[in-house]
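Engineer: Here you go, one structure.
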Amino acid sequence: MKIAVIGDEVFVSVWKLIGADGYVIDPKSEPDFLKKLGNLLRGGEYSAIILPEKFVDRVNKLIEEEALGEKLSPLLVFVPEPGSRKRLEDLRRKISMALGVEIEI
């Protein structure tokens, strides 16, 4: 099982220590991120891609625009960063949509 990691230099360095293939990008450059992720998704070489949690919105946007939801084969793993609540907020939003009522966490 091959694992890729995309992120800034520090994030990638940590995961390279356990054997992941690392791809350093400028986290502020959305085109660089989307290009690299798109190439990895289409390449079919990896079983999992590890990403910092701050990229959740960008990945959701890519999946929706490219209609990749049903065809997505590598597992996308979002790693929380200190002080980040994006994943919790994303989960809250999805549960609220499913239930048809606004919930607070």
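Numbering starts fresh at 1 for the residues of each chain in the structure tokens, the chains themselves are lettered A, B, ... in the order given, and ligands are numbered from 1 as they appear.
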Which residues are close to Ala20 (chain A), i.e. within 12 Å by only C-alpha atoms, leaving aside same-chain residues fewer than 6 positions away? Reply as a CSV table (one decimal) with C-alpha atoms, in the first residue's frame.
Structural biologist:
chain,number,residue,atom,x,y,z
A,1,MET,CA,0.0,0.0,0.0
A,2,LYS,CA,1.5,3.3,-1.1
A,3,ILE,CA,0.7,6.5,0.7
A,4,ALA,CA,1.1,10.0,-0.5
A,5,VAL,CA,1.1,13.2,1.6
A,6,ILE,CA,0.5,16.8,0.3
A,11,PHE,CA,3.7,18.5,7.5
A,12,VAL,CA,5.2,16.5,4.6
A,13,SER,CA,8.5,15.9,6.5
A,14,VAL,CA,6.7,14.3,9.4
A,46,TYR,CA,-1.6,5.5,-4.2
A,47,SER,CA,-4.0,3.8,-1.8
A,48,ALA,CA,-4.2,6.8,0.5
A,49,ILE,CA,-3.5,10.5,0.4
A,50,ILE,CA,-2.8,12.3,3.6
A,51,LEU,CA,-3.8,16.0,3.8
Engineer: Just list as a list in words whatever in chain A DSSP marks as strand (DSSP E or B).
Structural biologist: Ile3, Ala4, Val5, Ile6, Gly7, Asp21, Gly22, Tyr23, Val24, Ala48, Ile49, Ile50, Leu51, Pro52, Leu75, Leu76, Val77, Phe78 and Val79 of chain A
Engineer: How many Å lie between CA of Leu76 (chain A) and CA of Leu41 (chain A), rounded to one decimal?
Structural biologist: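 For CA of Leu76 (chain A) relative to CA of Leu41 (chain A), the distance reads 9.7 Å.
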Engineer: One decimal, Å: what's the distance from CA of Lys54 (chain A) over to CA of Glu9 (chain A), could you say?
Structural biologist: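 CA of Glu9 (chain A) lies at a distance of 14.8 Å from CA of Lys54 (chain A).
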Engineer: Can you check which residues of chain A DSSP gives as alpha helix (DSSP H) on the backbone and send them as a PyMOL selection string?
Structural biologist: chain A and resi 9-16+30-43+56-66+86-99
Engineer: Taking 5 positions as the minimum chain separation for residues in the same chain, which residues sit within 12 Å of Asp32 (chain A) when counting only C-alpha atoms? Answer as a ChimeraX atom specification.
Structural biologist: /A:6-8,23-27,37-39,58
